[in-house]
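> This one is my_file11.cif, mmCIF, C-alpha atoms.
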```cif
data_query
#
loop_
_atom_site.label_atom_id
_atom_site.label_comp_id
_atom_site.auth_asym_id
_atom_site.auth_seq_id
_atom_site.Cartn_x
_atom_site.Cartn_y
_atom_site.Cartn_z
CA MET A 383 2.86 -9.18 -4.78
CA PRO A 384 2.98 -5.33 -4.75
CA ARG A 385 -0.72 -5.28 -3.76
CA PHE A 386 0.15 -7.13 -0.57
CA LEU A 387 3.05 -4.88 0.41
CA ALA A 388 2.72 -1.45 1.99
CA ASP A 389 1.05 1.07 -0.29
CA ILE A 390 3.66 3.76 -0.93
CA THR A 391 1.34 5.98 -2.96
CA PRO A 392 1.38 8.73 -0.28
CA LEU A 393 5.17 8.94 -0.71
CA LYS A 394 4.76 9.32 -4.47
CA VAL A 395 2.01 11.92 -4.60
CA SER A 396 3.04 14.23 -1.74
CA ARG A 397 6.57 15.62 -1.62
CA ASP A 398 5.87 17.22 1.76
CA TYR A 399 4.66 13.93 3.24
CA ARG A 400 7.66 12.11 1.73
CA ARG A 401 10.11 14.51 3.37
CA LEU A 402 8.27 14.30 6.67
CA TRP A 403 8.14 10.49 6.57
CA VAL A 404 11.85 10.18 5.82
CA GLY A 405 12.73 12.65 8.57
CA ASN A 406 10.45 10.93 11.08
CA SER A 407 11.85 7.51 10.12
CA LEU A 408 15.39 8.61 10.89
CA SER A 409 14.53 10.54 14.04
CA ALA A 410 12.27 7.77 15.42
CA VAL A 411 15.20 5.39 15.71
CA GLY A 412 17.32 8.16 17.21
CA THR A 413 14.64 8.99 19.77
CA GLN A 414 14.49 5.34 20.85
CA LEU A 415 18.28 5.35 21.18
CA THR A 416 18.07 8.29 23.56
CA LEU A 417 15.14 7.00 25.63
CA VAL A 418 16.71 3.57 26.12
CA ALA A 419 20.18 5.01 26.73
CA VAL A 420 18.82 7.39 29.39
CA SER A 421 17.24 4.46 31.25
CA LEU A 422 20.53 2.55 31.01
CA GLU A 423 22.46 5.58 32.29
CA ILE A 424 20.10 6.07 35.23
CA PHE A 425 20.46 2.41 36.16
CA ALA A 426 24.25 2.68 35.85
CA LEU A 427 24.27 5.75 38.13
CA THR A 428 21.88 4.37 40.77
CA GLY A 429 21.89 0.58 40.44
CA SER A 430 18.14 0.76 41.14
CA SER A 431 15.25 -0.38 38.94
CA ALA A 432 12.99 1.89 41.02
CA TYR A 433 14.79 4.98 39.72
CA VAL A 434 14.45 3.64 36.19
CA GLY A 435 10.74 3.13 36.79
CA LEU A 436 10.44 6.71 38.04
CA LEU A 437 11.62 7.84 34.62
CA GLY A 438 8.29 6.59 33.22
CA ALA A 439 6.35 8.93 35.50
CA PHE A 440 8.48 11.92 34.49
CA ALA A 441 7.75 11.06 30.85
CA LEU A 442 4.06 10.17 31.08
CA VAL A 443 2.65 13.08 33.11
CA PRO A 444 3.97 15.87 30.82
CA LEU A 445 2.89 13.85 27.77
CA VAL A 446 -0.70 13.62 29.03
CA ILE A 447 -0.95 17.30 30.01
CA ALA A 448 0.81 18.64 26.92
CA GLY A 449 -1.02 16.19 24.64
CA LEU A 450 -4.41 17.58 25.62
CA TYR A 451 -3.37 21.21 25.61
CA GLY A 452 -1.09 20.84 22.58
CA GLY A 453 -3.98 19.58 20.49
CA ALA A 454 -5.90 22.77 21.28
CA VAL A 455 -2.86 24.85 20.32
CA ALA A 456 -2.71 23.01 16.98
CA ASP A 457 -6.36 23.94 16.35
CA HIS A 458 -5.76 27.66 16.91
CA LEU A 459 -2.37 28.46 15.38
CA ASP A 460 -0.57 27.68 12.15
CA ARG A 461 0.18 23.98 12.49
CA ARG A 462 3.47 24.28 10.65
CA LYS A 463 4.70 26.83 13.20
CA VAL A 464 3.48 24.72 16.13
CA ALA A 465 5.17 21.61 14.72
CA LEU A 466 8.38 23.54 14.00
CA ALA A 467 8.54 25.12 17.47
CA SER A 468 7.85 21.85 19.30
CA SER A 469 10.33 19.98 17.06
CA PHE A 470 12.97 22.59 17.87
CA VAL A 471 12.38 22.09 21.61
CA LEU A 472 12.69 18.32 21.12
CA TRP A 473 16.02 18.83 19.38
CA LEU A 474 17.28 21.26 22.04
CA THR A 475 16.48 18.82 24.86
CA THR A 476 18.36 16.09 23.00
CA VAL A 477 21.34 18.43 22.62
CA ALA A 478 21.13 19.17 26.36
CA ILE A 479 21.16 15.43 27.14
CA CYS A 480 24.25 15.17 24.90
CA ALA A 481 25.91 18.01 26.79
CA HIS A 482 25.07 16.34 30.11
CA ALA A 483 26.90 13.22 28.94
CA TRP A 484 29.85 14.98 27.29
CA MET A 485 30.41 17.11 30.40
CA GLN A 486 30.07 14.02 32.64
CA ILE A 487 27.63 15.76 34.98
CA GLU A 488 26.01 12.42 35.96
CA ASN A 489 22.98 13.92 37.71
CA ILE A 490 19.83 11.81 37.43
CA TRP A 491 17.55 14.73 38.34
CA VAL A 492 18.87 16.71 35.39
CA LEU A 493 18.07 13.72 33.19
CA TYR A 494 14.58 13.46 34.70
CA GLY A 495 13.96 17.14 34.01
CA LEU A 496 15.19 16.94 30.43
CA ILE A 497 13.08 13.84 29.71
CA ALA A 498 10.03 15.60 31.18
CA LEU A 499 10.66 18.60 28.91
CA HIS A 500 11.22 16.29 25.93
CA SER A 501 7.97 14.43 26.68
CA GLY A 502 6.02 17.66 27.04
CA ALA A 503 7.27 18.92 23.68
CA SER A 504 6.38 15.56 22.18
CA GLY A 505 2.87 15.93 23.60
CA ILE A 506 2.46 19.07 21.50
CA ASN A 507 4.33 17.78 18.47
CA GLN A 508 2.55 14.45 18.01
CA PRO A 509 -1.08 15.67 17.83
CA THR A 510 0.02 18.54 15.60
CA ARG A 511 1.67 16.15 13.14
CA GLY A 512 -1.39 13.91 13.33
CA ALA A 513 -3.56 16.85 12.33
CA ILE A 514 -1.18 17.78 9.50
CA ILE A 515 -1.12 14.40 7.73
CA PRO A 516 -4.71 14.52 6.32
CA ALA A 517 -3.93 17.83 4.64
CA LEU A 518 -0.83 16.35 3.00
CA VAL A 519 -2.29 13.12 1.58
CA GLY A 520 -6.09 13.49 1.59
CA PRO A 521 -8.69 11.16 3.15
CA THR A 522 -8.39 8.36 0.57
CA LEU A 523 -4.69 7.78 1.23
CA LEU A 524 -4.88 8.20 5.01
CA PRO A 525 -4.93 4.44 5.82
CA ALA A 526 -1.85 3.90 3.65
CA ALA A 527 -0.08 6.91 5.22
CA ASN A 528 -0.90 5.72 8.73
CA ALA A 529 0.36 2.23 7.84
CA LEU A 530 3.65 3.73 6.65
CA ASN A 531 3.90 5.69 9.90
CA MET A 532 3.21 2.50 11.89
CA LEU A 533 5.91 0.71 9.89
CA THR A 534 8.41 3.39 10.88
CA PHE A 535 7.36 3.22 14.52
CA SER A 536 7.66 -0.58 14.68
CA VAL A 537 11.13 -0.52 13.10
CA ALA A 538 12.21 2.11 15.64
CA MET A 539 10.80 0.05 18.51
CA MET A 540 12.73 -3.01 17.34
CA ALA A 541 16.00 -1.45 16.20
CA GLY A 542 16.25 1.38 18.74
CA PRO A 543 16.54 -0.64 21.97
CA LEU A 544 18.84 -3.21 20.37
CA ALA A 545 21.11 -0.56 18.87
CA ALA A 546 21.12 1.46 22.11
CA GLY A 547 22.53 -1.44 24.10
CA VAL A 548 25.24 -2.11 21.52
CA LEU A 549 26.17 1.57 21.08
CA VAL A 550 26.28 2.39 24.79
CA ALA A 551 28.56 -0.60 25.36
CA SER A 552 30.84 0.27 22.44
CA ILE A 553 30.97 4.07 22.04
CA GLY A 554 29.39 5.35 25.26
CA TYR A 555 26.40 7.50 26.19
CA ALA A 556 27.59 10.80 24.72
CA TRP A 557 28.08 9.50 21.18
CA THR A 558 24.81 7.53 21.36
CA TYR A 559 22.85 10.68 22.27
CA SER A 560 24.71 12.59 19.57
CA ILE A 561 23.34 10.24 16.90
CA ASP A 562 19.82 11.26 17.92
CA ALA A 563 20.74 14.96 17.84
CA VAL A 564 22.04 14.61 14.27
CA THR A 565 19.23 12.45 12.87
CA PHE A 566 16.57 14.75 14.31
CA LEU A 567 17.85 17.55 12.06
CA PHE A 568 16.18 15.72 9.15
CA THR A 569 12.79 16.10 10.86
CA LEU A 570 13.45 19.78 11.54
CA TYR A 571 14.23 20.32 7.87
CA ALA A 572 11.10 18.43 6.74
CA VAL A 573 8.83 20.47 9.03
CA TRP A 574 10.53 23.73 8.02
CA LYS A 575 9.82 22.96 4.35
CA LEU A 576 6.07 22.48 4.96
CA PRO A 577 3.73 25.19 3.65
CA SER A 578 1.74 27.36 6.02
CA MET A 579 -1.05 25.19 7.48
CA PRO A 580 -3.58 27.25 9.46
CA PRO A 581 -6.50 25.18 10.76
CA GLU A 582 -9.88 25.65 9.16
CA GLN A 583 -12.28 28.02 10.89
CA ASP A 584 -15.09 26.61 12.99
CA PRO A 585 -18.23 27.09 10.82
CA ALA A 586 -20.17 28.19 13.90
CA ARG A 587 -17.69 31.05 14.37
CA ALA A 588 -17.25 32.10 10.77
CA GLY A 589 -16.06 35.68 10.53
CA GLU A 590 -14.72 35.82 14.08
CA ARG A 591 -11.09 36.69 14.57
CA ARG A 592 -9.16 33.66 15.72
CA SER A 593 -7.68 34.20 19.18
CA ARG A 594 -4.00 33.49 19.64
CA MET A 595 -4.61 32.66 23.30
CA VAL A 596 -5.56 29.05 24.01
CA GLY A 597 -7.43 28.48 27.27
CA LEU A 598 -8.76 25.40 29.03
CA SER A 599 -12.19 26.09 27.52
CA SER A 600 -10.72 25.21 24.14
CA VAL A 601 -9.49 21.87 25.49
CA TRP A 602 -12.92 21.21 27.02
CA GLU A 603 -14.57 21.98 23.69
CA GLY A 604 -12.82 18.96 22.21
CA PHE A 605 -14.13 16.72 24.99
CA ARG A 606 -17.66 18.07 24.51
CA PHE A 607 -17.49 17.25 20.83
CA LEU A 608 -16.15 13.76 21.59
CA GLY A 609 -19.00 13.18 24.05
CA THR A 610 -21.56 13.65 21.27
CA ARG A 611 -19.86 11.44 18.64
CA LYS A 612 -20.33 7.73 19.30
CA ASN A 613 -18.03 6.40 16.59
CA LEU A 614 -15.11 8.60 17.60
CA ARG A 615 -15.69 7.79 21.25
CA MET A 616 -15.67 4.08 20.43
CA THR A 617 -12.18 4.29 18.91
CA PHE A 618 -10.91 5.21 22.37
CA ILE A 619 -13.13 2.85 24.36
CA VAL A 620 -12.19 -0.30 22.45
CA ASP A 621 -8.48 0.49 22.70
CA ILE A 622 -8.67 1.08 26.45
CA ILE A 623 -10.50 -2.26 26.80
CA ALA A 624 -7.80 -4.04 24.79
CA MET A 625 -4.89 -2.50 26.68
CA ALA A 626 -6.38 -2.61 30.20
CA THR A 627 -7.37 -6.27 30.01
CA ALA A 628 -4.65 -7.87 27.93
CA PHE A 629 -1.43 -5.87 27.77
CA PRO A 630 1.33 -8.41 28.52
CA ARG A 631 4.54 -6.39 28.97
CA ALA A 632 4.53 -6.48 32.79
CA VAL A 633 4.60 -10.30 32.87
CA LEU A 634 7.19 -10.88 30.15
CA PRO A 635 10.31 -10.88 32.38
CA ALA A 636 8.78 -13.58 34.58
CA VAL A 637 7.47 -15.53 31.61
CA GLY A 638 10.90 -15.42 29.92
CA ALA A 639 12.47 -16.96 33.03
CA LEU A 640 9.73 -19.53 33.56
CA LEU A 641 9.76 -20.82 30.01
CA ILE A 642 13.46 -21.69 30.17
CA GLY A 643 13.03 -23.36 33.54
CA VAL A 644 14.29 -20.66 35.91
CA GLN A 645 12.31 -20.48 39.14
CA VAL A 646 11.04 -16.94 39.77
CA THR A 647 11.45 -16.15 43.46
CA GLY A 648 11.05 -12.37 43.48
CA SER A 649 14.81 -11.80 43.55
CA THR A 650 16.45 -9.66 40.92
CA SER A 651 19.33 -12.12 40.69
CA GLY A 652 19.55 -15.66 39.47
CA ALA A 653 17.70 -15.42 36.18
CA GLY A 654 20.86 -15.27 34.12
CA ASP A 655 21.50 -14.25 30.57
CA GLY A 656 19.21 -16.97 29.21
CA ALA A 657 16.18 -15.43 30.90
CA GLU A 658 17.10 -11.95 29.69
CA ALA A 659 17.46 -13.22 26.12
CA ALA A 660 14.09 -14.98 26.37
CA THR A 661 12.46 -11.81 27.66
CA GLY A 662 14.02 -9.79 24.84
CA MET A 663 12.67 -12.28 22.32
CA LEU A 664 9.15 -11.94 23.74
CA LEU A 665 9.38 -8.14 23.83
CA ALA A 666 10.46 -8.13 20.19
CA GLY A 667 7.42 -10.24 19.28
CA ILE A 668 4.86 -7.44 19.57
CA ALA A 669 7.03 -4.93 17.70
CA GLY A 670 7.80 -7.59 15.09
CA GLY A 671 4.10 -8.19 14.54
CA ALA A 672 3.53 -4.46 14.05
CA PHE A 673 6.37 -4.40 11.52
CA ILE A 674 4.91 -7.31 9.56
CA ALA A 675 1.48 -5.66 9.53
CA GLY A 676 3.00 -2.44 8.24
CA LEU A 677 5.10 -4.23 5.61
CA PHE A 678 2.09 -6.10 4.24
CA SER A 679 -0.44 -3.35 4.87
CA GLY A 680 -1.46 -3.40 1.22
CA THR A 681 -3.64 -6.37 2.16
CA PHE A 682 -5.96 -4.26 4.33
CA THR A 683 -5.52 -0.49 3.92
CA ARG A 684 -8.09 -0.47 1.11
CA ILE A 685 -10.80 -1.80 3.45
CA THR A 686 -13.66 0.68 3.77
CA ALA A 687 -15.57 -1.14 6.55
CA GLN A 688 -13.14 0.29 9.09
CA GLY A 689 -15.35 -0.13 12.15
CA ARG A 690 -15.51 -3.89 11.61
CA ALA A 691 -11.77 -3.95 10.89
CA VAL A 692 -11.08 -2.37 14.29
CA TYR A 693 -13.42 -4.77 16.08
CA TRP A 694 -12.02 -7.94 14.51
CA SER A 695 -8.42 -6.87 14.93
CA ILE A 696 -9.02 -6.38 18.67
CA VAL A 697 -10.74 -9.77 18.84
CA VAL A 698 -7.64 -11.31 17.24
CA TRP A 699 -5.46 -9.40 19.75
CA GLY A 700 -7.45 -10.84 22.65
CA LEU A 701 -7.42 -14.40 21.28
CA ALA A 702 -3.68 -14.21 20.59
CA ILE A 703 -2.99 -13.01 24.15
CA ALA A 704 -5.18 -15.81 25.53
CA GLY A 705 -3.27 -18.24 23.31
CA PHE A 706 -0.03 -16.80 24.66
CA GLY A 707 -1.29 -17.55 28.18
CA VAL A 708 -2.12 -21.15 27.24
CA VAL A 709 1.35 -21.67 25.75
CA VAL A 710 2.94 -20.22 28.89
CA TRP A 711 0.84 -22.55 31.08
CA LEU A 712 1.91 -25.59 29.04
CA GLY A 713 5.53 -24.45 28.96
CA VAL A 714 5.68 -23.93 32.72
CA ARG A 715 4.16 -27.39 33.33
CA GLN A 716 6.85 -28.86 31.06
CA ALA A 717 9.60 -26.91 32.86
CA GLU A 718 8.32 -28.13 36.24
CA LEU A 719 8.85 -31.69 35.02
CA GLY A 720 12.51 -30.82 34.56
CA ALA A 721 12.53 -30.73 30.75
CA PRO A 722 11.95 -27.16 29.53
CA SER A 723 11.55 -26.92 25.77
CA ALA A 724 12.53 -23.97 23.58
CA LEU A 725 9.50 -24.80 21.44
CA PHE A 726 7.17 -23.18 23.99
CA LEU A 727 9.24 -20.00 23.95
CA TRP A 728 9.06 -19.80 20.16
CA VAL A 729 5.33 -20.47 20.08
CA ALA A 730 4.75 -17.89 22.83
CA ALA A 731 6.72 -15.34 20.78
CA LEU A 732 4.62 -16.25 17.72
CA MET A 733 1.44 -15.52 19.68
CA LEU A 734 2.83 -12.09 20.52
CA VAL A 735 3.73 -11.50 16.87
CA ILE A 736 0.10 -12.18 15.93
CA ALA A 737 -1.07 -9.92 18.75
CA GLY A 738 1.28 -7.13 17.67
CA ALA A 739 0.09 -7.34 14.07
CA ALA A 740 -3.56 -7.19 15.15
CA ASP A 741 -2.91 -4.22 17.44
CA SER A 742 -1.16 -2.42 14.60
CA VAL A 743 -4.14 -2.91 12.27
CA SER A 744 -6.45 -1.62 14.99
CA GLY A 745 -4.26 1.45 15.54
CA ILE A 746 -4.08 2.27 11.83
CA PHE A 747 -7.85 2.23 11.39
CA ARG A 748 -8.66 3.91 14.71
CA ASN A 749 -6.39 6.81 13.81
CA THR A 750 -7.80 6.95 10.28
CA ILE A 751 -11.38 7.11 11.60
CA LEU A 752 -10.36 9.85 13.99
CA GLN A 753 -8.62 11.90 11.31
CA THR A 754 -11.36 11.63 8.67
CA ALA A 755 -14.49 11.93 10.82
CA THR A 756 -13.27 14.88 12.89
CA PRO A 757 -13.75 18.44 11.53
CA ASP A 758 -10.44 20.13 10.78
CA HIS A 759 -10.92 22.83 13.43
CA LEU A 760 -11.09 20.10 16.12
CA ARG A 761 -8.62 17.61 14.65
CA GLY A 762 -5.66 18.64 16.80
CA ARG A 763 -7.61 18.28 20.04
CA LEU A 764 -8.88 14.82 19.14
CA GLN A 765 -5.38 13.80 18.09
CA GLY A 766 -4.23 14.95 21.52
CA VAL A 767 -6.75 12.65 23.18
CA PHE A 768 -5.57 9.85 20.89
CA ILE A 769 -1.96 10.34 21.99
CA VAL A 770 -2.99 10.30 25.65
CA VAL A 771 -5.00 7.09 25.25
CA VAL A 772 -2.25 5.37 23.27
CA ALA A 773 0.31 6.33 25.93
CA GLY A 774 -1.87 5.82 28.99
CA GLY A 775 -3.75 2.63 28.06
CA PRO A 776 -0.68 0.35 28.13
CA ARG A 777 0.40 1.88 31.45
CA ILE A 778 -2.98 0.98 32.94
CA GLY A 779 -2.64 -2.50 31.46
CA GLU A 780 0.82 -2.95 32.96
CA MET A 781 -0.43 -2.02 36.42
CA LEU A 782 -3.47 -4.30 36.22
CA THR A 783 -1.80 -7.36 34.71
CA GLY A 784 1.19 -7.01 37.00
CA ALA A 785 -1.05 -6.86 40.08
CA VAL A 786 -3.24 -9.79 38.99
CA ALA A 787 -0.24 -11.93 38.00
CA GLY A 788 1.13 -11.53 41.50
CA GLY A 789 -1.96 -13.31 42.81
CA VAL A 790 -2.95 -15.91 40.21
CA GLY A 791 0.18 -16.32 38.08
CA GLU A 792 1.24 -15.09 34.67
CA SER A 793 -0.46 -17.72 32.51
CA ILE A 794 -3.90 -17.43 34.11
CA THR A 795 -3.65 -13.63 33.98
CA MET A 796 -3.05 -13.66 30.23
CA ILE A 797 -5.66 -16.32 29.47
CA SER A 798 -8.36 -14.53 31.45
CA GLY A 799 -7.21 -11.12 30.18
CA GLY A 800 -7.46 -12.19 26.54
CA ILE A 801 -10.92 -13.64 27.09
CA LEU A 802 -12.06 -10.52 28.95
CA CYS A 803 -10.75 -8.40 26.07
CA VAL A 804 -12.90 -10.28 23.54
CA ILE A 805 -15.96 -10.16 25.80
CA GLY A 806 -15.44 -6.48 26.65
CA VAL A 807 -15.02 -5.26 23.09
CA SER A 808 -18.00 -7.38 21.96
CA ILE A 809 -20.19 -5.81 24.64
CA ALA A 810 -18.97 -2.35 23.63
CA VAL A 811 -19.94 -2.78 19.96
CA ALA A 812 -23.24 -4.35 21.00
CA VAL A 813 -24.03 -1.19 22.98
CA ALA A 814 -22.94 1.01 20.05
CA PRO A 815 -23.72 -1.10 16.93
CA GLY A 816 -23.30 1.89 14.65
CA PHE A 817 -19.54 1.52 15.05
CA LEU A 818 -19.60 -1.78 13.15
CA ARG A 819 -21.36 -0.03 10.29
CA TYR A 820 -18.74 2.73 10.03
CA ASP A 821 -17.66 3.06 6.37
CA SER A 822 -14.81 5.31 5.30
CA ARG A 823 -16.71 6.27 2.15
CA HIS A 824 -19.36 7.91 4.34
CA PRO A 825 -17.52 8.91 7.54
CA VAL A 826 -19.90 9.65 10.41
CA ALA A 827 -18.41 10.74 13.71
#
```
So, in terms of structure tokens, how does the structure I just supplied come out?

Amino acid sequence: MPRFLADITPLKVSRDYRRLWVGNSLSAVGTQLTLVAVSLEIFALTGSSAYVGLLGAFALVPLVIAGLYGGAVADHLDRRKVALASSFVLWLTTVAICAHAWMQIENIWVLYGLIALHSGASGINQPTRGAIIPALVGPTLLPAANALNMLTFSVAMMAGPLAAGVLVASIGYAWTYSIDAVTFLFTLYAVWKLPSMPPEQDPARAGERRSRMVGLSSVWEGFRFLGTRKNLRMTFIVDIIAMATAFPRAVLPAVGALLIGVQVTGSTSGAGDGAEAATGMLLAGIAGGAFIAGLFSGTFTRITAQGRAVYWSIVVWGLAIAGFGVVVWLGVRQAELGAPSALFLWVAALMLVIAGAADSVSGIFRNTILQTATPDHLRGRLQGVFIVVVAGGPRIGEMLTGAVAGGVGESITMISGGILCVIGVSIAVAVAPGFLRYDSRHPVA
């Protein structure tokens, strides 16, 4: 049985990674508490979903800009110092959000500004930490370390939103934010305890003094490198295909209502608690699948044919989303006959669990390929691109699936999206067949 469960060897062999993982595990839940609580507070202050949606723009734009530039910073300066400085800014913004709540300022534009600052700091912090991990555990244990990180993320995505709703209702916004401020101190301590981690020198510039100034040319250097490396480029292409064609989050509120027999009319009222519970169940499905994949990651983290693992996991993602669409179609037909069945809701959630598990496997191996096949002096910049794709791909998918569903319906959108995902990723690997031959024992970018 231990061979099937998550491989915890990285936690055993690296004290620095163990401290960082524990700190990140605690702070990840706290961060989700804050992000969800902020959206709840904005809705409470405005009564408008549009203002809540605007929060996403204030978070995404700084993350994209800082993610690209922050990766270049991580490739020029001591990565421990970069991670420590950006972590400190993350903590300070959380403290400021706490102060906003304790002082009862109730200004949504202050919250927007603080979330933008928090997201920008995260855009620097995440690629820096991604570049640090290989140095802590080594290339052999990278899949296991990434699986442990994914396990933490999935738990935070499941527990954070649920706990935020309960805590806001019971102890209020100020105390909820304060939990995040306290738990993040564990991450600060873990980063502070790291050894000095200067990036390796570019072999082509051996002997040159490393500049402390990071310009846009440094960012562009990462893109130039990516443009010449087919396997690394494919890790981004296949993920964008998967997210753009078959990301289901935008349709889940409507699907939750339809599967329990509530007619969706475009009004924000009338769905009732049953529809909200159904939607929450569907939303939890993807995160639950990621958690299961992380928990049983011992079954796949030893795979060396990582290119094929990425391809087949995305195929499973697409087929599961198409299956989700079929279940929704059947469930809606049943509801139209006046006899909605909870069975369809459970099966639809199961399809999303499978999809979430497959997406998690894909993410683990895509990140591992990126970390091992990228030279150390460029690792931060490529991690920055990874963060941008991971954050931006689902947003593109939400816009596309939401727009298409408005014309052809939710079930047809998901069925066609899942099929297009499988076709698209198959065409991509046919154009670049070397990706299927990628082997972690002989990493070729």
> Please list as a short mmCIF file (atom, residue, chain, number, x, y, z; two decimals) with C-alpha atoms, in the frame of the given file every residue within 10 Å of stretch 570-581 of chain A, counting only C-alpha atoms and excluding residues in the same chain fewer than 5 positions away.

```
data_model
loop_
_atom_site.label_atom_id
_atom_site.label_comp_id
_atom_site.auth_asym_id
_atom_site.auth_seq_id
_atom_site.Cartn_x
_atom_site.Cartn_y
_atom_site.Cartn_z
CA ARG A 397 6.57 15.62 -1.62
CA ASP A 398 5.87 17.22 1.76
CA TYR A 399 4.66 13.93 3.24
CA ARG A 400 7.66 12.11 1.73
CA ARG A 401 10.11 14.51 3.37
CA LEU A 402 8.27 14.30 6.67
CA TRP A 403 8.14 10.49 6.57
CA VAL A 404 11.85 10.18 5.82
CA GLY A 405 12.73 12.65 8.57
CA ASN A 406 10.45 10.93 11.08
CA SER A 409 14.53 10.54 14.04
CA ALA A 456 -2.71 23.01 16.98
CA ASP A 457 -6.36 23.94 16.35
CA HIS A 458 -5.76 27.66 16.91
CA LEU A 459 -2.37 28.46 15.38
CA ASP A 460 -0.57 27.68 12.15
CA ARG A 461 0.18 23.98 12.49
CA ARG A 462 3.47 24.28 10.65
CA LYS A 463 4.70 26.83 13.20
CA VAL A 464 3.48 24.72 16.13
CA ALA A 465 5.17 21.61 14.72
CA LEU A 466 8.38 23.54 14.00
CA ALA A 467 8.54 25.12 17.47
CA SER A 468 7.85 21.85 19.30
CA SER A 469 10.33 19.98 17.06
CA PHE A 470 12.97 22.59 17.87
CA LEU A 472 12.69 18.32 21.12
CA TRP A 473 16.02 18.83 19.38
CA ARG A 511 1.67 16.15 13.14
CA ALA A 513 -3.56 16.85 12.33
CA ILE A 514 -1.18 17.78 9.50
CA ALA A 517 -3.93 17.83 4.64
CA LEU A 518 -0.83 16.35 3.00
CA THR A 565 19.23 12.45 12.87
CA PRO A 757 -13.75 18.44 11.53
CA ASP A 758 -10.44 20.13 10.78
CA HIS A 759 -10.92 22.83 13.43
CA LEU A 760 -11.09 20.10 16.12
CA ARG A 761 -8.62 17.61 14.65
CA GLY A 762 -5.66 18.64 16.80
#
```
> Carefully work through the PyMOL selection byres ((chain A and resi 778) around 9) for this structure and note down the residues it includes, as a list in words.
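The output of the PyMOL selection byres ((chain A and resi 778) around 9) on this file is Ile622, Met625, Ala626, Thr627, Phe629, Gly774, Gly775, Pro776, Arg777, Gly779, Glu780, Met781, Leu782 and Thr783 of chain A.
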> What would the selection look like, as a VMD selection string, if the PyMOL selection byres ((chain A and resi 546) around 10) were run on the coordinates I just shared?
chain A and resid 411 to 412 414 to 420 422 541 to 545 547 to 552 554 to 555 558 to 559
> So what do you get for atom CA of A:Gly453 versus atom CA of A:Gln583, distance-wise?
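Between these atoms lies a distance of 15.2 Å.
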> Using the chain letters and numbering of this document, enumerate as a PDB file with C-alpha atoms, keeping the file's coordinate frame the residues selected by the PyMOL selection byres ((chain A and resi 669) around 12).

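Result went into selection_8.pdb, see below:
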```pdb
ATOM      1  CA  MET A 532       3.210   2.500  11.890  1.00  0.00           C
ATOM      2  CA  LEU A 533       5.910   0.710   9.890  1.00  0.00           C
ATOM      3  CA  THR A 534       8.410   3.390  10.880  1.00  0.00           C
ATOM      4  CA  PHE A 535       7.360   3.220  14.520  1.00  0.00           C
ATOM      5  CA  SER A 536       7.660  -0.580  14.680  1.00  0.00           C
ATOM      6  CA  VAL A 537      11.130  -0.520  13.100  1.00  0.00           C
ATOM      7  CA  ALA A 538      12.210   2.110  15.640  1.00  0.00           C
ATOM      8  CA  MET A 539      10.800   0.050  18.510  1.00  0.00           C
ATOM      9  CA  MET A 540      12.730  -3.010  17.340  1.00  0.00           C
ATOM     10  CA  ALA A 541      16.000  -1.450  16.200  1.00  0.00           C
ATOM     11  CA  GLY A 542      16.250   1.380  18.740  1.00  0.00           C
ATOM     12  CA  PRO A 543      16.540  -0.640  21.970  1.00  0.00           C
ATOM     13  CA  ARG A 631       4.540  -6.390  28.970  1.00  0.00           C
ATOM     14  CA  GLY A 662      14.020  -9.790  24.840  1.00  0.00           C
ATOM     15  CA  MET A 663      12.670 -12.280  22.320  1.00  0.00           C
ATOM     16  CA  LEU A 664       9.150 -11.940  23.740  1.00  0.00           C
ATOM     17  CA  LEU A 665       9.380  -8.140  23.830  1.00  0.00           C
ATOM     18  CA  ALA A 666      10.460  -8.130  20.190  1.00  0.00           C
ATOM     19  CA  GLY A 667       7.420 -10.240  19.280  1.00  0.00           C
ATOM     20  CA  ILE A 668       4.860  -7.440  19.570  1.00  0.00           C
ATOM     21  CA  GLY A 670       7.800  -7.590  15.090  1.00  0.00           C
ATOM     22  CA  GLY A 671       4.100  -8.190  14.540  1.00  0.00           C
ATOM     23  CA  ALA A 672       3.530  -4.460  14.050  1.00  0.00           C
ATOM     24  CA  PHE A 673       6.370  -4.400  11.520  1.00  0.00           C
ATOM     25  CA  ILE A 674       4.910  -7.310   9.560  1.00  0.00           C
ATOM     26  CA  ALA A 675       1.480  -5.660   9.530  1.00  0.00           C
ATOM     27  CA  GLY A 676       3.000  -2.440   8.240  1.00  0.00           C
ATOM     28  CA  ALA A 731       6.720 -15.340  20.780  1.00  0.00           C
ATOM     29  CA  LEU A 732       4.620 -16.250  17.720  1.00  0.00           C
ATOM     30  CA  LEU A 734       2.830 -12.090  20.520  1.00  0.00           C
ATOM     31  CA  VAL A 735       3.730 -11.500  16.870  1.00  0.00           C
ATOM     32  CA  ILE A 736       0.100 -12.180  15.930  1.00  0.00           C
ATOM     33  CA  ALA A 737      -1.070  -9.920  18.750  1.00  0.00           C
ATOM     34  CA  GLY A 738       1.280  -7.130  17.670  1.00  0.00           C
ATOM     35  CA  ALA A 739       0.090  -7.340  14.070  1.00  0.00           C
ATOM     36  CA  ALA A 740      -3.560  -7.190  15.150  1.00  0.00           C
ATOM     37  CA  ASP A 741      -2.910  -4.220  17.440  1.00  0.00           C
ATOM     38  CA  SER A 742      -1.160  -2.420  14.600  1.00  0.00           C
TER      39      SER A 742
END
```
> Please determine, counting all atoms listed in the file, which residue among A:Ala704, A:Ile623, A:Leu712, A:Ile746 has the shortest atom-to-atom distance to A:Ala691.
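Smallest distance to A:Ala691 is found for A:Ile746.
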